[in-house]
Every structure is written in structure tokens, then in C-alpha cells.
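I have placed the structure first, in the form of C-alpha cells, so that the comments after it can refer back to it.
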Amino acid sequence: MKFVDHVTISVTSGHGGAGASTFRREKYVPMGGPDGGSGGNGGDVILRASSKLQTLMDLTLKRRYAARPGERGRGKKQSGTNGEACIIDVPRGTMVFDENDILIADLVEENAEVTVARGGKGGRGNSLFATSTNQAPLYSQPGLPEETSNLRLELRLIAQVGLVGLPNAGKSTLLKSLTKANPKIADYPFTTLYPNLGVLKFDDQEIVIADIPGLIEGASEGVGLGIEFLRHIDRTKLVIHVIAFQFEGADAIFTDYQTVRDELEKSEIDLNSKHTILVLNKSDLADEESISETVAYFEKKGVTLCPISAISRRGLSDLSSQIRHSWSTL
């Protein structure tokens with residue numbers, strides 16, 4: 001399934017039904033007496049958050065949505081039926097922007113709703129205009145017009161923890177090892193083409209983790225894939241920065257770390273200010289001396305490094321504990 005996280009749609013509410021201008025035929029009542037009923041209200045257009053959806057894909061297949069108009073009023077003071085609302089389900093975490101790019105709503109909670117186009121009010125029938133001095137009004141009200149809006153929808157996944165790093169740092173494997181998620185994993189760049197979610201479960205708590213496509217140098221200027229998806233961890237309070245061991249030495253590993261930090265700094269989304277756990281993945285490829293030297297090198301730079309191996313599960317228990325402790329204190 002293709003991951004879609006932004007889309008534009010057009011919505012139109014229902015026109016209000018016109019009031020009726022009719023008269024009953026009754027002896028001794030002027031002109032039979034007014035009995036026109038009011039028109040029904042037009043239907044609203046409503047966006048509703050649903051956990052059953054994970055992307056905005058459905059909204060790319062249909063871009064225009066309209067609610068039903070209200071029915072016209074009828075004689076015998078019968079009101080027209082209200083128009084049926086148009087309810088559009090969207091994934092939880094969908095942000096709704098108007099034509100001026102102003103945020104209308106952030107639909108985070110399950111079944112949260114926002115009315116994005118209100119139906120026109122039905123017009124009053126002539127029976128409601130009768131007075132002692134005008135017992136046979138000839139006029140009624142037309143229904144109020146519909147509203148039309150163009151909306152931009154942007155999906156930001158609801159995750160407590162975000163994984164960032166270079167391509168092939170092992171983020172997808174780490175997500176799978178921590179949460180039992182099943183992301184696509186292979187030994188080539190940009191395996192992750194869209195964010196993956198997994199749930200780290202404890203006895204009394206569940207923490208949602210998002211794996212973001214890898215960042216490379218120049219990502220903030222559009223190179224690669226990852227910068228497009230950083231919005232999905234904008235909601236997170238904790239970031240796990242994954243770097244991979246390499247045989248070129250600690251200096252080269254630190255360069256990889258700094259590359260991602262620099263791109264995050266240039267991003268519109270402020271992730272560097274979030275609490276971060278830095279992990280050295282693929283430590284199963286190195287001997288203990290190399291790992292110790294790398295950890296010491298980072299410490300001299302003022303950075304704490306946690307060696308792990310998503311494949312052999314080295315250090316994952318300690319990492320899980322760190323995640324749980326950090327999340328509970330943030």
C-alpha cells in the first residue's frame with residue numbers, strides 16, 4: 001500500500017431548502033390561510049478521525065465531497081427534511097488547513113470531528129409570516145446557500161518515540177526487534193519508503209515507535225526521502241538516533257552522527273531539542289575494544305553512546321528500559 005500523508009480536497013455543504021408559500025382552503029379564512037412549511041437545513045461536511053485508517057490514500061481517489069441539500073417546505077405546514085451530512089473519515093493525526101493555510105483542526109483523538117462546511121439554513125414558509133395585520137402573506141424565504149472550501153490535509157503519525165538516522169543504520173530492524181512490527185528490510189539504501197509504526201509493550205504501558213526513512217546529507221534541501229517524513233515524529237517527545245558501527249573508526253562514525261544532526265537542525269521541525277537516546281547499532285560486527293574506543297570517543301565530544309545490536313538483541317533490554325524511563329519522566 002502506498003503511503004500518502006498529504007492531500008487537497010474540495011468540500012461543499014448542502015443548500016438550505018426553500019420555504020413554501022401555500023394556502024389551505026378553509027371557509028372564512030382569508031385566501032384559505034397560509035400553510036407553507038419551512039425548508040430543511042442543508043447537510044454539513046464533517047471530517048472524523050478513525051484509527052481504522054493509516055493513510056490519506058482514499059482521499060486521493062476522490063477529491064470532491066458534497067453533502068445533501070435540504071428539501072423544500074410543503075403545504076400543510078410540513079417542513080422539508082434536513083439534508084444528510086457528508087462524513088469523511090481520516091486517520092488519527094490528520095491536520096486540517098484552510099485555503100489560507102491556517103490550521104482548522106488537529107484530529108488526534110478517536111472519533112474527533114470538525115465541521116469544515118456548514119449547510120445552509122432552510123428558509124421559513126409563509127405560515128410563519130402571518131400576523132394580525134397580514135393574515136395572508138404571499139412570500140416565504142429561500143434557503144441559505146451552501147459553503148464550499150478547499151482544504152489541505154496533512155497526516156502526522158501519532159507516535160511517542162521516533163527513530164532517525166542514515167539509510168541502512170538498522171532502524172527498521174531495531175523497530176522489528178523492539179516491537180514485533182514487520183517493516184520491509186533489505187541491504188540497500190532507502191529500504192523504508194514510508195514511516196513504519198510499532199508498539200513497544202510493557203505490563204502497564206504501550207509506547208508507539210515510528211521508523212522514519214533515512215536522512216542523508218542534503219536531505220533538508222530535498223535530497224533523498226527522509227526529510228519529507230520528519231513531520232511524522234513532530235509529535236514525539238523522545239527521539240532515538242541510530243548510527244551504525246563501521247570499521248573506518250570512531251571519527252567516521254561521529255561524522256555520520258553529525259550529518260544527521262546537521263540535517264535535523266536545518267529542518268523546519270525542531271527535533272534536536274527533543275530528548276534523544278543515541279545508539280550504536282550493529283555492534284555485533286565489532287570487538288569489545290573497538291566498541292569501547294568508540295564510546296570513549298563520543299564521551300570526549302560530550303555525547304553518551306549506547307552500543308546495541310538489533311540482530312543479536314545485545315543491549316535491547318537496557319534500551320527498552322531507557323525508553324520507558326525517559327518517556328515516563330518527560
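Labeling convention for the C-alpha cells: chains A, B, ... as they appear, residues from 1 per chain, ligands from 1 in order of appearance.
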
Do you know which residues are at most 12 Å from Asp256 of chain A counting only C-alpha atoms, after dropping those on the same chain fewer than 5 positions away, and could you put them as a tab-separated table (two decimals) with N, CA, C and O atoms, in the first residue's frame?
```tsv
chain	number	residue	atom	x	y	z
A	164	VAL	N	15.47	7.99	14.02
A	164	VAL	CA	16.08	8.71	12.92
A	164	VAL	C	17.50	8.20	12.73
A	164	VAL	O	18.11	7.60	13.62
A	165	GLY	N	18.04	8.45	11.54
A	165	GLY	CA	19.40	8.02	11.25
A	165	GLY	C	19.62	7.94	9.75
A	165	GLY	O	18.71	8.17	8.95
A	166	LEU	N	20.84	7.61	9.36
A	166	LEU	CA	21.17	7.44	7.95
A	166	LEU	C	20.52	6.18	7.40
A	166	LEU	O	20.15	5.28	8.16
A	167	PRO	N	20.37	6.09	6.07
A	167	PRO	CA	19.91	4.83	5.48
A	167	PRO	C	20.82	3.68	5.88
A	167	PRO	O	22.03	3.84	6.02
A	168	ASN	N	20.23	2.53	6.10
A	168	ASN	CA	20.98	1.32	6.47
A	168	ASN	C	21.63	1.39	7.84
A	168	ASN	O	22.57	0.65	8.13
A	169	ALA	N	21.16	2.30	8.69
A	169	ALA	CA	21.66	2.32	10.07
A	169	ALA	C	21.05	1.18	10.89
A	169	ALA	O	21.53	0.88	11.98
A	214	GLY	N	15.55	7.02	6.00
A	214	GLY	CA	16.86	7.54	6.33
A	214	GLY	C	17.15	8.93	5.80
A	214	GLY	O	16.74	9.29	4.70
A	215	LEU	N	17.87	9.70	6.60
A	215	LEU	CA	18.32	11.03	6.21
A	215	LEU	C	19.74	10.95	5.66
A	215	LEU	O	20.57	10.20	6.17
A	216	ILE	N	19.99	11.72	4.63
A	216	ILE	CA	21.35	11.80	4.10
A	216	ILE	C	21.73	13.27	3.99
A	216	ILE	O	20.90	14.16	4.15
A	217	GLU	N	23.00	13.51	3.74
A	217	GLU	CA	23.47	14.88	3.60
A	217	GLU	C	22.72	15.56	2.45
A	217	GLU	O	22.60	15.01	1.36
A	241	HIS	N	18.24	8.20	18.03
A	241	HIS	CA	19.12	8.43	16.89
A	241	HIS	C	19.99	7.18	16.72
A	241	HIS	O	20.78	6.83	17.60
A	242	VAL	N	19.83	6.52	15.59
A	242	VAL	CA	20.53	5.26	15.34
A	242	VAL	C	21.69	5.51	14.39
A	242	VAL	O	21.51	6.00	13.27
A	243	ILE	N	22.89	5.16	14.83
A	243	ILE	CA	24.06	5.17	13.95
A	243	ILE	C	24.63	3.76	13.92
A	243	ILE	O	24.41	2.96	14.84
A	244	ALA	N	25.30	3.43	12.85
A	244	ALA	CA	25.82	2.06	12.68
A	244	ALA	C	27.32	2.03	12.87
A	244	ALA	O	28.04	2.95	12.47
A	245	PHE	N	27.80	0.94	13.48
A	245	PHE	CA	29.25	0.74	13.59
A	245	PHE	C	29.84	0.57	12.21
A	245	PHE	O	29.24	-0.03	11.32
A	246	GLN	N	31.02	1.14	12.01
A	246	GLN	CA	31.75	0.91	10.77
A	246	GLN	C	33.23	0.79	11.08
A	246	GLN	O	33.74	1.35	12.05
A	248	GLU	N	35.77	1.93	9.67
A	248	GLU	CA	36.65	3.08	9.42
A	248	GLU	C	37.05	3.79	10.70
A	248	GLU	O	37.95	4.63	10.70
A	249	GLY	N	36.37	3.48	11.80
A	249	GLY	CA	36.78	4.04	13.08
A	249	GLY	C	35.78	5.03	13.66
A	249	GLY	O	34.79	5.42	13.02
A	250	ALA	N	36.07	5.46	14.90
A	250	ALA	CA	35.16	6.32	15.65
A	250	ALA	C	34.94	7.66	14.98
A	250	ALA	O	33.84	8.22	15.04
A	251	ASP	N	35.97	8.20	14.35
A	251	ASP	CA	35.85	9.50	13.71
A	251	ASP	C	34.81	9.45	12.59
A	251	ASP	O	33.98	10.37	12.44
A	261	ARG	N	22.50	15.12	12.53
A	261	ARG	CA	22.21	16.25	13.41
A	261	ARG	C	22.12	17.56	12.62
A	261	ARG	O	21.26	18.39	12.87
A	262	ASP	N	23.03	17.72	11.66
A	262	ASP	CA	23.02	18.93	10.85
A	262	ASP	C	21.75	19.05	10.03
A	262	ASP	O	21.17	20.14	9.91
A	263	GLU	N	21.30	17.93	9.45
A	263	GLU	CA	20.08	17.97	8.65
A	263	GLU	C	18.85	18.23	9.52
A	263	GLU	O	17.92	18.93	9.11
A	280	LEU	N	24.47	2.98	19.15
A	280	LEU	CA	25.42	2.45	18.16
A	280	LEU	C	24.95	1.06	17.78
A	280	LEU	O	25.17	0.10	18.51
```

**Q.** DSSP helix (DSSP H, G or I) selection over segment 67-316 of chain A, as a PyMOL selection string
**A.** chain A and resi 126-129+171-179+219-221+226-233+250-266+283-285+288-300+316

Q. Which residues come within 8 Å of Gly14 of chain A, counting only C-alpha atoms, excluding same-chain residues fewer than 3 positions away, as a PyMOL selection string?
A. chain A and resi 41-44+66-70+83+118-120+145-147

Q: Within 12 Å of Met57 of chain A, counting only C-alpha atoms, which residues show up once you throw out same-chain ones fewer than 3 positions away? Write them as a PyMOL selection string, please.
A: chain A and resi 1-8+53-54+60-63+89-91+153-155

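Between atom CA of Ser149 of chain A and atom CA of Thr115 of chain A the separation is 11.2 Å.
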
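Put simply, atom CA of Leu278 of chain A is 18.7 Å away from atom CA of Phe247 of chain A.
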
Q | Contacts of Leu138 of chain A within 10 Å, only C-alpha atoms, excl. fewer than 3 positions in-chain, as a list in words | A | Ala20, Ser21, Thr22, Phe23, Pro34, Gly36, Gly125, Asn126, Ser127, Phe129, Ala130, Asn134 and Gln135 of chain A

Could you write those residues out with N, CA and C atoms, as a JSON list (two decimals), in the first residue's frame?
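Produced file part.json, reproduced below:
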```
[["chain", "number", "residue", "atom", "x", "y", "z"],
["A", 20, "ALA", "N", -42.04, 27.08, 1.76],
["A", 20, "ALA", "CA", -43.17, 27.03, 0.83],
["A", 20, "ALA", "C", -44.10, 28.22, 1.05],
["A", 21, "SER", "N", -44.73, 28.63, -0.02],
["A", 21, "SER", "CA", -45.73, 29.70, 0.05],
["A", 21, "SER", "C", -47.04, 29.13, -0.48],
["A", 22, "THR", "N", -47.77, 28.49, 0.40],
["A", 22, "THR", "CA", -49.01, 27.81, 0.01],
["A", 22, "THR", "C", -50.15, 28.23, 0.94],
["A", 23, "PHE", "N", -51.38, 27.91, 0.51],
["A", 23, "PHE", "CA", -52.56, 28.29, 1.29],
["A", 23, "PHE", "C", -53.52, 27.10, 1.38],
["A", 34, "PRO", "N", -52.50, 30.83, 5.17],
["A", 34, "PRO", "CA", -51.15, 30.37, 4.79],
["A", 34, "PRO", "C", -50.80, 29.09, 5.54],
["A", 36, "GLY", "N", -47.69, 27.25, 4.39],
["A", 36, "GLY", "CA", -46.39, 26.83, 3.84],
["A", 36, "GLY", "C", -45.39, 26.47, 4.92],
["A", 125, "GLY", "N", -41.34, 29.11, 5.80],
["A", 125, "GLY", "CA", -42.54, 29.12, 4.97],
["A", 125, "GLY", "C", -43.43, 30.30, 5.28],
["A", 126, "ASN", "N", -44.39, 30.57, 4.38],
["A", 126, "ASN", "CA", -45.22, 31.76, 4.57],
["A", 126, "ASN", "C", -46.12, 31.68, 5.80],
["A", 127, "SER", "N", -46.37, 30.47, 6.34],
["A", 127, "SER", "CA", -47.21, 30.36, 7.54],
["A", 127, "SER", "C", -46.56, 31.06, 8.73],
["A", 129, "PHE", "N", -45.01, 33.89, 8.63],
["A", 129, "PHE", "CA", -45.01, 35.34, 8.47],
["A", 129, "PHE", "C", -46.40, 35.95, 8.69],
["A", 130, "ALA", "N", -47.38, 35.10, 9.01],
["A", 130, "ALA", "CA", -48.74, 35.61, 9.22],
["A", 130, "ALA", "C", -48.82, 36.42, 10.51],
["A", 134, "ASN", "N", -51.44, 41.09, 8.63],
["A", 134, "ASN", "CA", -51.14, 40.44, 7.34],
["A", 134, "ASN", "C", -51.41, 38.96, 7.49],
["A", 135, "GLN", "N", -52.67, 38.61, 7.35],
["A", 135, "GLN", "CA", -53.08, 37.24, 7.61],
["A", 135, "GLN", "C", -52.85, 36.31, 6.42]]
```

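Ranking A:Asn100, A:Thr55, A:Val303, A:Ser10 by their shortest atom-to-atom distance to Asn196 of chain A, with only C-alpha atoms included, puts A:Thr55 first.
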